[in-house]
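Report on one structure; see the data block that follows.
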Amino acid sequence: MGGAMAMTLVALAYPSMLGLNTVTTAQDRVIANTQWGPLTEQDRDFVVKVRAAGLWEYPVGQMGLQKGASKGVITASQHLVDGHAALDTTCRKIAPMLNIALPNLPSPQQQGFVSQLKADSGKKFDSDFANILRMTHGAIFNTISKIRSTTKNSLVRALADQANNTVLDHMTVMEKTGLVDFDQTLFQQTTPPKLPSSDLTPPPPAAGQPEVVLTPPPNPTSTPVDINGITGSAPSPSPTVG
């Protein structure tokens, strides 16, 4: 029994590479069999990727509410805070059920986006805000489609459904700002820079570190996944390795 548990923890160890352009081997390899269906490497990476996205886009949304110079950016910022708070709640609910370790910080690349926007102001902030976030949401939109169409895990599938709706909404509100340079944004989205894996990987959570929680706004319009509606009962303690 102890050996099986140790194998489970190794199989579900923190993902080796997570970013806008994830490239790993055997992404469809089943790393655990759970009561909600098999969990693959790409399933696990997707859950962590959604969490990491919220860890930088949520504070950027808060930043936009303070620094946004146009009504469109203010509206988009509200959608970022609302949508990622709900996605984060879902991630934090299903991660322990699937024995997935979640980061408490975004990747260095994502932290770089935050730093760039912190340094901006006025129209420059609005323009960079709309273009960076339209690019990043467009990049993960294709990943969501792949996960939704291939995963056999019902919890991951439910997260993909929620993420699809949220990311589509965020792409739309960025476009409605009227600030998106589509030629530049789509080029960056489809031809990402060749960054080292260390720049694309959220750091693993430190031992004993409290889990970061993205608090929903006072009147949220986005809702997390109804886990009870999927499971129909209390979850079992942990998955088993196949």
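Labels used: A, B, ... for chains in the order of the structure tokens, numbers from 1 for residues in each chain, and numbers from 1 for ligands as shown.
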Give me the residues within 10 Å of Pro220 of chain A as a short mmCIF file (atom, residue, chain, number, x, y, z; two decimals) with C-alpha atoms, in the first residue's frame, counting only C-alpha atoms and dropping any in the same chain fewer than 6 places off.
data_model
loop_
_atom_site.label_atom_id
_atom_site.label_comp_id
_atom_site.auth_asym_id
_atom_site.auth_seq_id
_atom_site.Cartn_x
_atom_site.Cartn_y
_atom_site.Cartn_z
CA GLN A 78 -14.01 43.32 -14.45
CA HIS A 79 -14.40 40.22 -16.61
CA VAL A 81 -11.36 39.31 -12.05
CA ASP A 82 -14.78 37.68 -12.17
CA GLY A 83 -13.90 34.87 -14.58
CA ALA A 85 -11.90 33.84 -9.53
CA ALA A 86 -14.51 31.27 -10.58
#
Output as JSON lines one row per residue of segment 52-82 of chain A within 7 Å of segment 111-129 of chain A: the closest atom pair and its distance in Å to one decimal place, counting only C-alpha atoms, sorted by chain and residue number ascending.
{"residue": "A:Trp56", "atom": "CA", "partner": "A:Val114", "partner_atom": "CA", "distance": 6.7}
{"residue": "A:Val60", "atom": "CA", "partner": "A:Val114", "partner_atom": "CA", "distance": 6.5}
{"residue": "A:Lys67", "atom": "CA", "partner": "A:Ser121", "partner_atom": "CA", "distance": 6.8}
{"residue": "A:Gly68", "atom": "CA", "partner": "A:Asp126", "partner_atom": "CA", "distance": 6.1}
{"residue": "A:Ala69", "atom": "CA", "partner": "A:Gly122", "partner_atom": "CA", "distance": 5.6}
{"residue": "A:Val73", "atom": "CA", "partner": "A:Asp126", "partner_atom": "CA", "distance": 6.4}
Listing only residues of segment 65-170 of chain A within 10 Å of segment 38-45 of chain A, what is the closest atom pair and its distance in Å (to one decimal) for each, using only C-alpha atoms, sorted by chain and residue number ascending, as a tab-separated table?
residue	atom	partner	partner_atom	distance
A:Ala95	CA	A:Arg44	CA	8.8
A:Leu98	CA	A:Leu39	CA	8.0
A:Asn99	CA	A:Arg44	CA	9.3
A:Ile100	CA	A:Arg44	CA	6.8
A:Ala101	CA	A:Arg44	CA	9.1
A:Leu102	CA	A:Arg44	CA	9.9
A:Thr143	CA	A:Gln42	CA	9.6
A:Lys146	CA	A:Gln42	CA	9.6
A:Ile147	CA	A:Asp43	CA	6.9
A:Arg148	CA	A:Asp43	CA	9.6
A:Thr150	CA	A:Asp43	CA	9.3
A:Thr151	CA	A:Asp43	CA	6.8
A:Lys152	CA	A:Pro38	CA	6.1
A:Asn153	CA	A:Pro38	CA	5.7
A:Ser154	CA	A:Pro38	CA	9.1
A:Leu155	CA	A:Leu39	CA	9.7
A:Val156	CA	A:Asp43	CA	6.5
A:Arg157	CA	A:Asp43	CA	8.9
A:Ala160	CA	A:Asp43	CA	9.7
Keeping all heavy atoms, export the residues of the selection given above as a CSV table (one decimal), in the first residue's frame.
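Generated file (selection39.csv):
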chain,number,residue,atom,x,y,z
A,95,ALA,N,-8.3,19.8,-7.9
A,95,ALA,CA,-6.9,19.4,-7.7
A,95,ALA,C,-6.6,18.4,-6.7
A,95,ALA,O,-5.9,17.4,-6.9
A,95,ALA,CB,-6.0,20.7,-7.5
A,98,LEU,N,-7.8,15.0,-7.6
A,98,LEU,CA,-7.0,14.3,-8.6
A,98,LEU,C,-5.5,14.2,-8.2
A,98,LEU,O,-4.6,13.8,-8.9
A,98,LEU,CB,-7.1,15.0,-10.0
A,98,LEU,CG,-8.5,15.1,-10.6
A,98,LEU,CD1,-8.5,16.0,-11.8
A,98,LEU,CD2,-9.0,13.7,-10.9
A,99,ASN,N,-5.2,14.7,-7.0
A,99,ASN,CA,-3.8,14.7,-6.4
A,99,ASN,C,-2.9,15.5,-7.3
A,99,ASN,O,-1.8,15.1,-7.5
A,99,ASN,CB,-3.3,13.2,-6.3
A,99,ASN,CG,-2.3,13.1,-5.2
A,99,ASN,OD1,-2.1,14.0,-4.4
A,99,ASN,ND2,-1.6,12.0,-5.2
A,100,ILE,N,-3.3,16.7,-7.7
A,100,ILE,CA,-2.5,17.5,-8.5
A,100,ILE,C,-2.0,18.7,-7.6
A,100,ILE,O,-2.8,19.4,-7.0
A,100,ILE,CB,-3.3,18.1,-9.7
A,100,ILE,CG1,-3.7,17.0,-10.6
A,100,ILE,CG2,-2.5,19.1,-10.5
A,100,ILE,CD1,-4.7,17.4,-11.8
A,101,ALA,N,-0.7,19.0,-7.7
A,101,ALA,CA,-0.1,20.1,-7.0
A,101,ALA,C,-0.3,21.4,-7.8
A,101,ALA,O,0.0,21.4,-9.0
A,101,ALA,CB,1.4,19.8,-6.7
A,102,LEU,N,-0.9,22.4,-7.2
A,102,LEU,CA,-1.1,23.7,-7.8
A,102,LEU,C,-0.1,24.7,-7.5
A,102,LEU,O,0.4,24.7,-6.3
A,102,LEU,CB,-2.5,24.2,-7.5
A,102,LEU,CG,-3.7,23.4,-8.0
A,102,LEU,CD1,-5.0,24.1,-7.5
A,102,LEU,CD2,-3.7,23.3,-9.5
A,143,THR,N,-5.7,25.1,-26.8
A,143,THR,CA,-5.4,24.0,-25.8
A,143,THR,C,-6.7,23.5,-25.2
A,143,THR,O,-6.9,22.3,-25.0
A,143,THR,CB,-4.5,24.5,-24.7
A,143,THR,OG1,-3.2,24.9,-25.3
A,143,THR,CG2,-4.2,23.5,-23.7
A,146,LYS,N,-8.6,21.2,-27.4
A,146,LYS,CA,-7.9,19.8,-27.5
A,146,LYS,C,-8.3,19.0,-26.2
A,146,LYS,O,-8.6,17.8,-26.3
A,146,LYS,CB,-6.4,20.0,-27.6
A,146,LYS,CG,-5.7,18.6,-27.7
A,146,LYS,CD,-4.2,18.8,-27.9
A,146,LYS,CE,-3.5,17.4,-27.9
A,146,LYS,NZ,-2.1,17.6,-28.0
A,147,ILE,N,-8.2,19.6,-25.1
A,147,ILE,CA,-8.5,18.9,-23.8
A,147,ILE,C,-9.9,18.5,-23.8
A,147,ILE,O,-10.2,17.3,-23.5
A,147,ILE,CB,-8.1,19.8,-22.6
A,147,ILE,CG1,-6.6,20.0,-22.5
A,147,ILE,CG2,-8.7,19.2,-21.3
A,147,ILE,CD1,-5.8,18.8,-22.2
A,148,ARG,N,-10.8,19.4,-24.2
A,148,ARG,CA,-12.2,19.1,-24.1
A,148,ARG,C,-12.6,17.9,-25.0
A,148,ARG,O,-13.5,17.1,-24.7
A,148,ARG,CB,-13.0,20.4,-24.5
A,148,ARG,CG,-14.6,20.1,-24.5
A,148,ARG,CD,-15.0,19.7,-23.1
A,148,ARG,NE,-16.5,19.5,-23.1
A,148,ARG,CZ,-17.0,18.3,-23.4
A,148,ARG,NH1,-16.3,17.3,-23.9
A,148,ARG,NH2,-18.4,18.2,-23.3
A,150,THR,N,-10.6,15.5,-26.0
A,150,THR,CA,-9.8,14.2,-25.9
A,150,THR,C,-9.9,13.7,-24.4
A,150,THR,O,-9.7,12.5,-24.3
A,150,THR,CB,-8.4,14.4,-26.2
A,150,THR,OG1,-7.8,15.4,-25.4
A,150,THR,CG2,-8.2,14.8,-27.7
A,151,THR,N,-10.1,14.5,-23.4
A,151,THR,CA,-10.0,14.0,-22.1
A,151,THR,C,-11.1,13.0,-21.8
A,151,THR,O,-12.2,13.1,-22.2
A,151,THR,CB,-10.0,15.1,-21.0
A,151,THR,OG1,-9.8,14.5,-19.7
A,151,THR,CG2,-11.4,15.8,-21.0
A,152,LYS,N,-10.7,11.9,-21.0
A,152,LYS,CA,-11.7,11.0,-20.5
A,152,LYS,C,-12.1,11.2,-19.1
A,152,LYS,O,-12.8,10.4,-18.5
A,152,LYS,CB,-11.2,9.5,-20.7
A,152,LYS,CG,-10.9,9.2,-22.2
A,152,LYS,CD,-10.3,7.8,-22.3
A,152,LYS,CE,-10.0,7.5,-23.8
A,152,LYS,NZ,-9.3,6.1,-23.9
A,153,ASN,N,-11.5,12.2,-18.5
A,153,ASN,CA,-11.7,12.5,-17.1
A,153,ASN,C,-12.9,13.6,-16.9
A,153,ASN,O,-12.8,14.7,-17.5
A,153,ASN,CB,-10.4,13.0,-16.4
A,153,ASN,CG,-10.5,13.2,-14.9
A,153,ASN,OD1,-11.2,14.1,-14.4
A,153,ASN,ND2,-9.9,12.3,-14.2
A,154,SER,N,-13.9,13.2,-16.2
A,154,SER,CA,-15.1,14.1,-16.2
A,154,SER,C,-14.8,15.4,-15.4
A,154,SER,O,-15.4,16.4,-15.8
A,154,SER,CB,-16.3,13.4,-15.5
A,154,SER,OG,-16.0,12.9,-14.2
A,155,LEU,N,-13.9,15.4,-14.4
A,155,LEU,CA,-13.6,16.6,-13.7
A,155,LEU,C,-12.8,17.6,-14.6
A,155,LEU,O,-13.1,18.8,-14.7
A,155,LEU,CB,-12.8,16.3,-12.5
A,155,LEU,CG,-13.5,15.5,-11.4
A,155,LEU,CD1,-12.5,15.3,-10.2
A,155,LEU,CD2,-14.8,16.2,-10.9
A,156,VAL,N,-11.9,17.1,-15.4
A,156,VAL,CA,-11.1,17.9,-16.3
A,156,VAL,C,-12.0,18.4,-17.4
A,156,VAL,O,-11.9,19.5,-17.9
A,156,VAL,CB,-9.9,17.1,-16.9
A,156,VAL,CG1,-9.1,17.9,-17.9
A,156,VAL,CG2,-8.9,16.7,-15.7
A,157,ARG,N,-12.9,17.5,-17.9
A,157,ARG,CA,-13.8,18.0,-18.9
A,157,ARG,C,-14.7,19.1,-18.5
A,157,ARG,O,-14.9,20.1,-19.2
A,157,ARG,CB,-14.7,16.8,-19.3
A,157,ARG,CG,-15.5,17.0,-20.6
A,157,ARG,CD,-15.9,15.7,-21.3
A,157,ARG,NE,-16.5,14.7,-20.3
A,157,ARG,CZ,-16.0,13.5,-20.0
A,157,ARG,NH1,-14.8,13.2,-20.5
A,157,ARG,NH2,-16.6,12.7,-19.2
A,160,ALA,N,-12.7,22.2,-18.5
A,160,ALA,CA,-12.5,22.7,-19.9
A,160,ALA,C,-13.7,23.4,-20.4
A,160,ALA,O,-13.6,24.4,-21.1
A,160,ALA,CB,-12.1,21.5,-20.8
Separation of atom CA of Thr185 of chain A and atom CA of Ser149 of chain A, in Å?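 Here the two named atoms are 25.8 Å from each other.
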Would you mind reading off the distance between atom CA of Glu175 of chain A and atom CA of Met63 of chain A, one decimal, in Å? 18.7 Å
Which residue out of A:Val47, A:Ile144, A:Ala52, A:Ala158 has the minimum interatomic distance to Gly229 of chain A when only C-alpha atoms are used?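 With only C-alpha atoms as the atom set, the closest residue is A:Ala158.
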Enumerate as a PyMOL selection string all residues of segment 16-242 of chain A assigned to helix (DSSP H, G or I) by DSSP on the backbone, naming them with the chain letters and numbers the document uses. chain A and resi 41-67+71-98+108-119+122-150+154-175+182-190+197-200+227-231
Using only C-alpha atoms, which protein or nucleic acid residues come within 12 Å of segment 135-137 of chain A? Drop anything in the same chain fewer than 2 positions from it, and give the result as a ChimeraX atom specification. /A:19-21,49-50,53-54,56-57,80,109-110,113,128-133,139-144,163-175,180-192
Selected residues, N, CA and C atoms, written as a compact mmCIF listing (two decimals), in the first residue's frame, please.
# COMPACT_ATOMS: atom_id res chain seq x y z
N GLY A 19 3.38 26.33 -20.13
CA GLY A 19 3.45 27.71 -20.61
C GLY A 19 2.51 27.87 -21.78
N LEU A 20 2.68 28.95 -22.53
CA LEU A 20 1.84 29.16 -23.69
C LEU A 20 2.13 28.14 -24.77
N ASN A 21 3.37 27.70 -24.85
CA ASN A 21 3.73 26.71 -25.86
C ASN A 21 4.35 25.50 -25.16
N LYS A 49 -2.19 24.78 -15.69
CA LYS A 49 -2.12 25.93 -16.60
C LYS A 49 -3.27 26.91 -16.34
N VAL A 50 -4.46 26.39 -16.10
CA VAL A 50 -5.60 27.26 -15.80
C VAL A 50 -5.36 28.01 -14.49
N ALA A 53 -2.76 30.73 -15.06
CA ALA A 53 -3.31 31.86 -15.81
C ALA A 53 -4.02 32.83 -14.87
N GLY A 54 -4.79 32.28 -13.94
CA GLY A 54 -5.49 33.14 -13.00
C GLY A 54 -4.57 33.89 -12.07
N TRP A 56 -1.90 35.38 -12.68
CA TRP A 56 -1.39 36.66 -13.19
C TRP A 56 -2.50 37.50 -13.82
N GLU A 57 -3.51 36.87 -14.39
CA GLU A 57 -4.56 37.65 -15.04
C GLU A 57 -5.52 38.28 -14.04
N LEU A 80 -12.02 39.87 -16.22
CA LEU A 80 -10.85 39.09 -15.81
C LEU A 80 -10.97 38.66 -14.35
N GLN A 109 7.59 33.94 -17.32
CA GLN A 109 7.07 34.65 -18.49
C GLN A 109 5.82 35.45 -18.13
N GLN A 110 4.91 34.82 -17.40
CA GLN A 110 3.68 35.50 -17.01
C GLN A 110 3.95 36.63 -16.02
N PHE A 113 4.81 39.63 -17.96
CA PHE A 113 3.67 40.37 -18.47
C PHE A 113 3.16 41.35 -17.40
N ASP A 128 -1.28 47.83 -24.35
CA ASP A 128 -0.55 46.62 -23.98
C ASP A 128 -1.46 45.62 -23.28
N PHE A 129 -2.32 46.11 -22.42
CA PHE A 129 -3.29 45.27 -21.72
C PHE A 129 -4.13 44.47 -22.71
N ALA A 130 -4.74 45.16 -23.66
CA ALA A 130 -5.63 44.49 -24.62
C ALA A 130 -4.88 43.51 -25.50
N ASN A 131 -3.70 43.88 -25.96
CA ASN A 131 -2.97 43.03 -26.90
C ASN A 131 -2.31 41.83 -26.23
N ILE A 132 -1.72 42.03 -25.05
CA ILE A 132 -1.12 40.90 -24.34
C ILE A 132 -2.18 39.88 -23.96
N LEU A 133 -3.29 40.36 -23.43
CA LEU A 133 -4.31 39.44 -22.96
C LEU A 133 -5.10 38.80 -24.10
N ALA A 139 -3.98 31.95 -27.33
CA ALA A 139 -3.06 30.82 -27.33
C ALA A 139 -3.62 29.63 -26.55
N ILE A 140 -4.24 29.90 -25.40
CA ILE A 140 -4.75 28.79 -24.59
C ILE A 140 -6.11 28.29 -25.09
N PHE A 141 -6.78 29.09 -25.92
CA PHE A 141 -8.09 28.69 -26.45
C PHE A 141 -7.99 27.39 -27.23
N ASN A 142 -6.92 27.23 -28.02
CA ASN A 142 -6.73 26.01 -28.78
C ASN A 142 -6.44 24.82 -27.86
N THR A 143 -5.72 25.07 -26.79
CA THR A 143 -5.43 24.01 -25.82
C THR A 143 -6.71 23.51 -25.16
N ILE A 144 -7.59 24.44 -24.82
CA ILE A 144 -8.86 24.06 -24.20
C ILE A 144 -9.65 23.15 -25.13
N ALA A 163 -13.61 26.78 -18.69
CA ALA A 163 -12.51 27.58 -19.25
C ALA A 163 -12.84 28.05 -20.66
N ASN A 164 -13.49 27.21 -21.44
CA ASN A 164 -13.85 27.59 -22.80
C ASN A 164 -14.75 28.83 -22.79
N ASN A 165 -15.78 28.79 -21.95
CA ASN A 165 -16.70 29.92 -21.88
C ASN A 165 -16.00 31.18 -21.37
N THR A 166 -15.15 31.00 -20.36
CA THR A 166 -14.47 32.16 -19.77
C THR A 166 -13.47 32.78 -20.73
N VAL A 167 -12.66 31.95 -21.36
CA VAL A 167 -11.63 32.47 -22.27
C VAL A 167 -12.27 33.11 -23.50
N LEU A 168 -13.33 32.52 -24.02
CA LEU A 168 -14.02 33.14 -25.15
C LEU A 168 -14.57 34.51 -24.75
N ASP A 169 -15.13 34.60 -23.56
CA ASP A 169 -15.62 35.89 -23.07
C ASP A 169 -14.49 36.89 -22.95
N HIS A 170 -13.35 36.46 -22.43
CA HIS A 170 -12.22 37.39 -22.25
C HIS A 170 -11.63 37.83 -23.59
N MET A 171 -11.56 36.92 -24.56
CA MET A 171 -11.10 37.31 -25.89
C MET A 171 -12.04 38.37 -26.47
N THR A 172 -13.32 38.16 -26.27
CA THR A 172 -14.33 39.06 -26.84
C THR A 172 -14.24 40.45 -26.22
N VAL A 173 -14.10 40.53 -24.88
CA VAL A 173 -14.05 41.86 -24.26
C VAL A 173 -12.75 42.57 -24.60
N MET A 174 -11.66 41.83 -24.83
CA MET A 174 -10.43 42.47 -25.28
C MET A 174 -10.63 43.08 -26.67
N GLU A 175 -11.29 42.33 -27.53
CA GLU A 175 -11.54 42.82 -28.89
C GLU A 175 -12.46 44.05 -28.88
N VAL A 180 -7.01 46.11 -30.11
CA VAL A 180 -6.24 44.94 -30.50
C VAL A 180 -5.67 45.10 -31.91
N ASP A 181 -4.37 44.96 -32.03
CA ASP A 181 -3.69 44.93 -33.33
C ASP A 181 -3.65 43.47 -33.75
N PHE A 182 -4.60 43.06 -34.59
CA PHE A 182 -4.75 41.63 -34.90
C PHE A 182 -3.55 41.05 -35.64
N ASP A 183 -2.96 41.80 -36.53
CA ASP A 183 -1.80 41.28 -37.25
C ASP A 183 -0.67 40.94 -36.28
N GLN A 184 -0.37 41.85 -35.40
CA GLN A 184 0.71 41.64 -34.43
C GLN A 184 0.34 40.57 -33.41
N THR A 185 -0.88 40.65 -32.90
CA THR A 185 -1.30 39.72 -31.86
C THR A 185 -1.37 38.28 -32.37
N LEU A 186 -1.92 38.09 -33.56
CA LEU A 186 -2.02 36.73 -34.09
C LEU A 186 -0.66 36.18 -34.47
N PHE A 187 0.25 37.03 -34.91
CA PHE A 187 1.61 36.57 -35.19
C PHE A 187 2.27 36.08 -33.90
N GLN A 188 2.14 36.86 -32.83
CA GLN A 188 2.74 36.46 -31.56
C GLN A 188 2.07 35.22 -30.99
N GLN A 189 0.79 35.10 -31.24
CA GLN A 189 0.03 33.95 -30.73
C GLN A 189 0.45 32.66 -31.42
N THR A 190 0.69 32.73 -32.72
CA THR A 190 1.01 31.53 -33.49
C THR A 190 2.51 31.30 -33.65
N THR A 191 3.32 32.32 -33.33
CA THR A 191 4.77 32.18 -33.43
C THR A 191 5.40 32.65 -32.11
N PRO A 192 5.15 31.89 -31.03
CA PRO A 192 5.67 32.34 -29.72
C PRO A 192 7.18 32.26 -29.67
Could you tell me how far atom CA of Phe46 of chain A lies from atom CA of Gln27 of chain A, in Å and to one decimal? 10.7 Å
